[in-house]
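Participant: My structure is in run.txt, and what it holds is compact mmCIF, C-alpha atoms:
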# COMPACT_ATOMS: atom_id res chain seq x y z
CA GLU W 1 -9.78 -22.37 3.63
CA ALA W 2 -7.14 -23.42 1.10
CA GLY W 3 -5.82 -20.70 -1.17
CA VAL W 4 -5.18 -20.71 -4.90
CA ALA W 5 -2.67 -23.41 -5.80
CA GLN W 6 -0.26 -23.19 -8.71
CA SER W 7 2.41 -25.48 -10.08
CA PRO W 8 5.20 -25.59 -10.89
CA ARG W 9 6.64 -22.72 -8.87
CA TYR W 10 9.65 -22.34 -11.16
CA LYS W 11 10.38 -23.38 -14.73
CA ILE W 12 13.39 -22.86 -16.97
CA ILE W 13 13.08 -23.69 -20.66
CA GLU W 14 14.81 -22.82 -23.90
CA LYS W 15 13.16 -20.65 -26.52
CA ARG W 16 10.87 -22.49 -28.92
CA GLN W 17 10.07 -25.12 -26.30
CA SER W 18 6.60 -25.51 -24.85
CA VAL W 19 5.51 -25.16 -21.24
CA ALA W 20 2.30 -25.58 -19.25
CA PHE W 21 1.15 -24.13 -15.96
CA TRP W 22 -1.58 -25.46 -13.69
CA CYS W 23 -3.95 -23.64 -11.35
CA ASN W 24 -6.49 -24.83 -8.81
CA PRO W 25 -8.71 -21.97 -7.59
CA ILE W 26 -10.37 -21.55 -4.22
CA SER W 27 -13.31 -23.89 -3.87
CA GLY W 28 -16.54 -22.23 -4.99
CA HIS W 29 -14.83 -19.46 -6.95
CA ALA W 30 -16.43 -19.48 -10.38
CA THR W 31 -14.19 -16.81 -11.88
CA LEU W 32 -10.56 -17.59 -12.72
CA TYR W 33 -7.91 -15.27 -14.12
CA TRP W 34 -4.45 -15.73 -15.59
CA TYR W 35 -2.06 -12.78 -15.38
CA GLN W 36 1.43 -12.19 -16.73
CA GLN W 37 3.71 -10.10 -14.53
CA ILE W 38 6.95 -8.94 -16.11
CA LEU W 39 9.67 -7.80 -13.72
CA GLY W 40 9.05 -4.23 -12.59
CA GLN W 41 5.49 -4.14 -13.91
CA GLY W 42 2.05 -4.84 -12.56
CA PRO W 43 0.04 -7.95 -13.40
CA LYS W 44 -1.46 -7.89 -16.89
CA LEU W 45 -4.63 -9.89 -17.54
CA LEU W 46 -4.22 -12.64 -20.14
CA ILE W 47 -7.55 -14.44 -19.86
CA GLN W 48 -10.62 -14.56 -17.62
CA PHE W 49 -12.94 -17.54 -17.23
CA GLN W 50 -16.42 -17.66 -15.76
CA ASN W 51 -16.93 -21.33 -14.91
CA ASN W 52 -15.55 -23.03 -18.05
CA GLY W 53 -16.41 -20.21 -20.45
CA VAL W 54 -14.04 -17.46 -21.60
CA VAL W 55 -15.12 -13.95 -20.56
CA ASP W 56 -12.13 -11.98 -21.81
CA ASP W 57 -9.07 -13.14 -23.75
CA SER W 58 -8.38 -9.90 -25.61
CA GLN W 59 -4.82 -9.66 -24.24
CA LEU W 60 -3.89 -13.30 -24.83
CA PRO W 61 -1.32 -13.79 -27.63
CA LYS W 62 -3.35 -16.52 -29.27
CA ASP W 63 -0.66 -17.49 -31.76
CA ARG W 64 1.36 -19.02 -28.93
CA PHE W 65 -0.71 -18.95 -25.74
CA SER W 66 -3.71 -21.13 -24.96
CA ALA W 67 -5.73 -21.76 -21.84
CA GLU W 68 -8.52 -24.04 -20.83
CA ARG W 69 -10.68 -24.63 -17.81
CA LEU W 70 -12.30 -28.00 -18.15
CA LYS W 71 -15.22 -28.71 -15.80
CA GLY W 72 -15.06 -25.15 -14.50
CA VAL W 73 -12.48 -25.85 -11.78
CA ASP W 74 -8.77 -26.37 -12.57
CA SER W 75 -7.13 -24.48 -15.39
CA THR W 76 -4.01 -24.83 -17.50
CA LEU W 77 -2.13 -22.16 -19.40
CA LYS W 78 0.19 -23.25 -22.22
CA ILE W 79 2.86 -21.46 -24.19
CA GLN W 80 4.01 -23.03 -27.45
CA PRO W 81 6.55 -22.06 -28.69
CA ALA W 82 8.07 -19.89 -25.97
CA LYS W 83 9.97 -16.70 -26.71
CA LEU W 84 12.56 -14.88 -24.62
CA GLU W 85 10.04 -12.12 -23.84
CA ASP W 86 7.73 -14.64 -22.20
CA SER W 87 10.03 -14.69 -19.17
CA ALA W 88 7.75 -13.50 -16.37
CA VAL W 89 5.73 -14.62 -13.38
CA TYR W 90 2.40 -16.16 -14.33
CA LEU W 91 -0.22 -15.53 -11.69
CA CYS W 92 -3.53 -17.30 -11.31
CA ALA W 93 -6.34 -15.65 -9.35
CA SER W 94 -9.92 -16.50 -8.53
CA SER W 95 -12.96 -14.68 -7.23
CA LEU W 96 -16.58 -15.20 -6.34
CA PRO W 97 -18.89 -14.48 -9.28
CA ASP W 98 -20.50 -11.43 -7.68
CA GLN W 99 -17.31 -10.10 -6.11
CA GLY W 100 -14.99 -10.00 -9.09
CA GLU W 101 -13.32 -6.87 -7.88
CA THR W 102 -11.57 -8.71 -5.05
CA GLN W 103 -9.30 -11.39 -6.41
CA TYR W 104 -7.32 -14.01 -4.55
CA PHE W 105 -3.94 -14.79 -6.06
CA GLY W 106 -1.82 -17.89 -6.07
CA PRO W 107 1.96 -17.73 -5.49
CA GLY W 108 2.70 -17.67 -9.21
CA THR W 109 4.95 -19.61 -11.55
CA ARG W 110 8.25 -17.96 -12.39
CA LEU W 111 9.23 -18.75 -15.99
CA LEU W 112 12.66 -18.14 -17.43
CA VAL W 113 13.11 -18.61 -21.17
CA LEU W 114 16.75 -18.95 -22.29
CA ASP T 115 -1.51 3.87 -22.84
CA GLN T 116 -1.31 2.98 -19.17
CA GLN T 117 -4.69 3.53 -17.52
CA VAL T 118 -3.45 3.11 -13.93
CA LYS T 119 -0.22 4.79 -12.91
CA GLN T 120 1.83 4.66 -9.75
CA ASN T 121 4.43 7.33 -10.36
CA SER T 122 6.64 6.56 -7.38
CA PRO T 123 8.53 3.27 -7.85
CA SER T 124 9.74 3.36 -4.26
CA LEU T 125 9.08 4.98 -0.89
CA SER T 126 11.07 4.83 2.33
CA VAL T 127 9.65 5.88 5.70
CA GLN T 128 10.61 5.58 9.35
CA GLU T 129 8.76 3.18 11.61
CA GLY T 130 5.85 4.91 13.32
CA ARG T 131 5.47 7.59 10.67
CA ILE T 132 2.81 7.82 7.97
CA SER T 133 3.24 6.15 4.58
CA ILE T 134 1.33 7.67 1.66
CA LEU T 135 1.17 5.76 -1.61
CA ASN T 136 -0.40 7.41 -4.63
CA CYS T 137 -2.18 6.21 -7.74
CA ASP T 138 -3.64 8.01 -10.76
CA TYR T 139 -6.06 6.65 -13.35
CA THR T 140 -7.43 7.86 -16.66
CA ASN T 141 -10.52 5.73 -17.35
CA SER T 142 -13.74 7.29 -16.03
CA MET T 143 -15.50 3.92 -16.29
CA PHE T 144 -13.57 2.49 -13.33
CA ASP T 145 -16.06 1.98 -10.50
CA TYR T 146 -14.02 0.16 -7.89
CA PHE T 147 -10.48 0.63 -6.66
CA LEU T 148 -8.28 -1.73 -4.71
CA TRP T 149 -4.88 -1.94 -3.10
CA TYR T 150 -2.93 -5.18 -3.03
CA LYS T 151 0.22 -5.95 -1.08
CA LYS T 152 2.90 -8.30 -2.37
CA TYR T 153 5.80 -9.92 -0.56
CA PRO T 154 8.67 -11.52 -2.52
CA ALA T 155 7.90 -14.96 -3.99
CA GLU T 156 4.22 -14.63 -3.10
CA GLY T 157 1.15 -13.55 -5.03
CA PRO T 158 -0.53 -10.20 -4.32
CA THR T 159 -2.95 -10.19 -1.39
CA PHE T 160 -5.97 -7.93 -1.11
CA LEU T 161 -5.53 -5.09 1.37
CA ILE T 162 -8.35 -2.55 1.10
CA SER T 163 -10.82 -1.26 -1.47
CA ILE T 164 -13.16 1.63 -2.17
CA SER T 165 -16.21 2.06 -4.32
CA SER T 166 -16.41 5.03 -6.66
CA ILE T 167 -19.42 6.34 -4.71
CA LYS T 168 -17.28 6.88 -1.62
CA ASP T 169 -14.32 9.13 -0.94
CA LYS T 170 -12.80 7.34 2.04
CA ASN T 171 -12.56 3.84 3.46
CA GLU T 172 -10.73 2.93 6.63
CA ASP T 173 -9.58 -0.42 7.98
CA GLY T 174 -7.38 -0.28 11.03
CA ARG T 175 -4.08 1.35 10.15
CA PHE T 176 -5.02 1.54 6.45
CA THR T 177 -7.12 4.27 4.84
CA VAL T 178 -7.83 4.75 1.17
CA PHE T 179 -8.90 8.12 -0.19
CA LEU T 180 -10.53 8.64 -3.58
CA ASN T 181 -10.67 11.95 -5.44
CA LYS T 182 -12.82 11.27 -8.50
CA SER T 183 -12.51 14.74 -9.99
CA ALA T 184 -8.72 14.40 -9.96
CA LYS T 185 -8.84 10.69 -10.85
CA HIS T 186 -6.51 10.06 -7.94
CA LEU T 187 -6.44 7.70 -5.02
CA SER T 188 -4.05 7.27 -2.15
CA LEU T 189 -3.32 4.71 0.54
CA HIS T 190 -2.34 5.96 3.98
CA ILE T 191 -0.67 3.64 6.49
CA VAL T 192 -0.50 4.99 10.05
CA PRO T 193 1.60 4.11 11.92
CA SER T 194 3.93 2.33 9.52
CA GLN T 195 5.57 -0.88 10.73
CA PRO T 196 8.59 -2.80 9.38
CA GLY T 197 6.25 -5.66 8.42
CA ASP T 198 4.52 -3.28 6.00
CA SER T 199 7.62 -3.36 3.79
CA ALA T 200 6.37 -4.82 0.50
CA VAL T 201 5.30 -3.87 -3.02
CA TYR T 202 1.89 -2.18 -3.13
CA PHE T 203 -0.22 -2.39 -6.27
CA CYS T 204 -3.10 -0.10 -7.05
CA ALA T 205 -5.86 -1.66 -9.16
CA ALA T 206 -8.94 -0.18 -10.79
CA SER T 207 -11.93 -2.24 -11.83
CA ASP T 208 -14.49 -1.78 -14.60
CA ALA T 209 -17.30 -4.33 -14.49
CA GLY T 210 -15.08 -6.80 -12.65
CA LYS T 211 -12.07 -6.45 -14.93
CA SER T 212 -9.07 -5.08 -13.03
CA THR T 213 -6.19 -3.03 -14.38
CA PHE T 214 -3.07 -2.82 -12.22
CA GLY T 215 -0.43 -0.16 -11.75
CA ASP T 216 3.25 -1.08 -11.77
CA GLY T 217 3.58 -0.97 -8.00
CA THR T 218 5.39 1.04 -5.34
CA THR T 219 8.01 -0.62 -3.16
CA LEU T 220 7.56 0.54 0.43
CA THR T 221 10.44 0.20 2.87
CA VAL T 222 9.75 0.91 6.54
CA LYS T 223 12.95 1.40 8.51
CA PRO T 224 13.07 0.43 12.19
Transcribe the structure of this file into structure tokens.
Facilitator:
Amino acid sequence: EAGVAQSPRYKIIEKRQSVAFWCNPISGHATLYWYQQILGQGPKLLIQFQNNGVVDDSQLPKDRFSAERLKGVDSTLKIQPAKLEDSAVYLCASSLPDQGETQYFGPGTRLLVL
Amino acid sequence: DQQVKQNSPSLSVQEGRISILNCDYTNSMFDYFLWYKKYPAEGPTFLISISSIKDKNEDGRFTVFLNKSAKHLSLHIVPSQPGDSAVYFCAASDAGKSTFGDGTTLTVKP
């Protein structure tokens, strides 16, 4: 069974530029999560989708971050414009709808904002 | 306010000995607790979990203990192996929404 795929793996941009991350969850996993992990900290939930609907985006900085999950499969997370403090690893995870406690993570995208 | 805390940033143990990783939480609504393991440049991988109605769950060398009255859980690894060296994250779930601690880096010395 293929795991959660993410791309790109690394991205370096300058502040005020925009960037987008892509995630393909495990087949059949209806729930998809985006996390931000700052160095030395645990993953922090940004947004949770159930199919193509948003379940929780209370921690998403909506003035600069946006996410979508068209057709309930792949998802993209965008930052526009980026700030220095956005430097982090962005993790995508997925889970079965009735087993949301156990999440399967992708390798993450490491973002550096200069 | 951090709802899930791992107070030890790092732990070093000798191969073959027991590793004990600790986690404290504050939210009484958490009903499921998990441990994830993370190697460098990889995402976290699920290790073991426990429901709030239990006080112990065992899977091979890994055992998780839950003390609800103290709002404390621990992960025991016996015997520890060099391949167990990684960052361990404690997570607590409320209705499917997980909150993570900041992790403990375990180093197992040969």
Participant: Pick the closest to W:Ala20 from W:Gln103, W:Ser94, W:Ser66, W:Gln36: which is it, counting all atoms listed in the file?
Facilitator: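 Closest residue, counting all atoms listed in the file: W:Ser66.
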Participant: Find the residue from T:Lys182, T:Lys223, T:Lys211, T:Arg175 that sits nearest to chain W; use all atoms listed in the file when measuring.
Facilitator: T:Lys211
Participant: Identify all chain T residues at most 8 Å from chain W by counting all atoms listed in the file; ligands do not count. Present them as a PDB file with C-alpha atoms, in the coordinates of the input.
Facilitator:
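The file below, result_23.pdb, is the result:
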ATOM      1  CA  TYR T 146     -14.020   0.160  -7.890  1.00  0.00           C
ATOM      2  CA  LEU T 148      -8.280  -1.730  -4.710  1.00  0.00           C
ATOM      3  CA  ALA T 155       7.900 -14.960  -3.990  1.00  0.00           C
ATOM      4  CA  GLU T 156       4.220 -14.630  -3.100  1.00  0.00           C
ATOM      5  CA  GLY T 157       1.150 -13.550  -5.030  1.00  0.00           C
ATOM      6  CA  PRO T 158      -0.530 -10.200  -4.320  1.00  0.00           C
ATOM      7  CA  THR T 159      -2.950 -10.190  -1.390  1.00  0.00           C
ATOM      8  CA  PHE T 160      -5.970  -7.930  -1.110  1.00  0.00           C
ATOM      9  CA  PHE T 203      -0.220  -2.390  -6.270  1.00  0.00           C
ATOM     10  CA  SER T 207     -11.930  -2.240 -11.830  1.00  0.00           C
ATOM     11  CA  GLY T 210     -15.080  -6.800 -12.650  1.00  0.00           C
ATOM     12  CA  LYS T 211     -12.070  -6.450 -14.930  1.00  0.00           C
ATOM     13  CA  SER T 212      -9.070  -5.080 -13.030  1.00  0.00           C
ATOM     14  CA  THR T 213      -6.190  -3.030 -14.380  1.00  0.00           C
ATOM     15  CA  PHE T 214      -3.070  -2.820 -12.220  1.00  0.00           C
ATOM     16  CA  GLY T 215      -0.430  -0.160 -11.750  1.00  0.00           C
ATOM     17  CA  ASP T 216       3.250  -1.080 -11.770  1.00  0.00           C
ATOM     18  CA  GLY T 217       3.580  -0.970  -8.000  1.00  0.00           C
TER      19      GLY T 217
END
Participant: Identify which of the residues T:Leu220, T:Phe147, T:Phe176, T:Ala184 lies closest to T:Gly197, counting only C-alpha atoms when measuring atom-to-atom distances.
Facilitator: T:Leu220
Participant: To one decimal place, how far is atom CA of W:Lys11 from atom CA of W:Val113 in Å?
Facilitator: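 Distance between the two atoms: 8.5 Å.
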Participant: Go ahead and compute the interatomic distance for atom CA of W:Glu68 and atom CA of W:Phe21, in Å to one decimal.
Facilitator: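 Distance reported for this atom pair: 10.8 Å.
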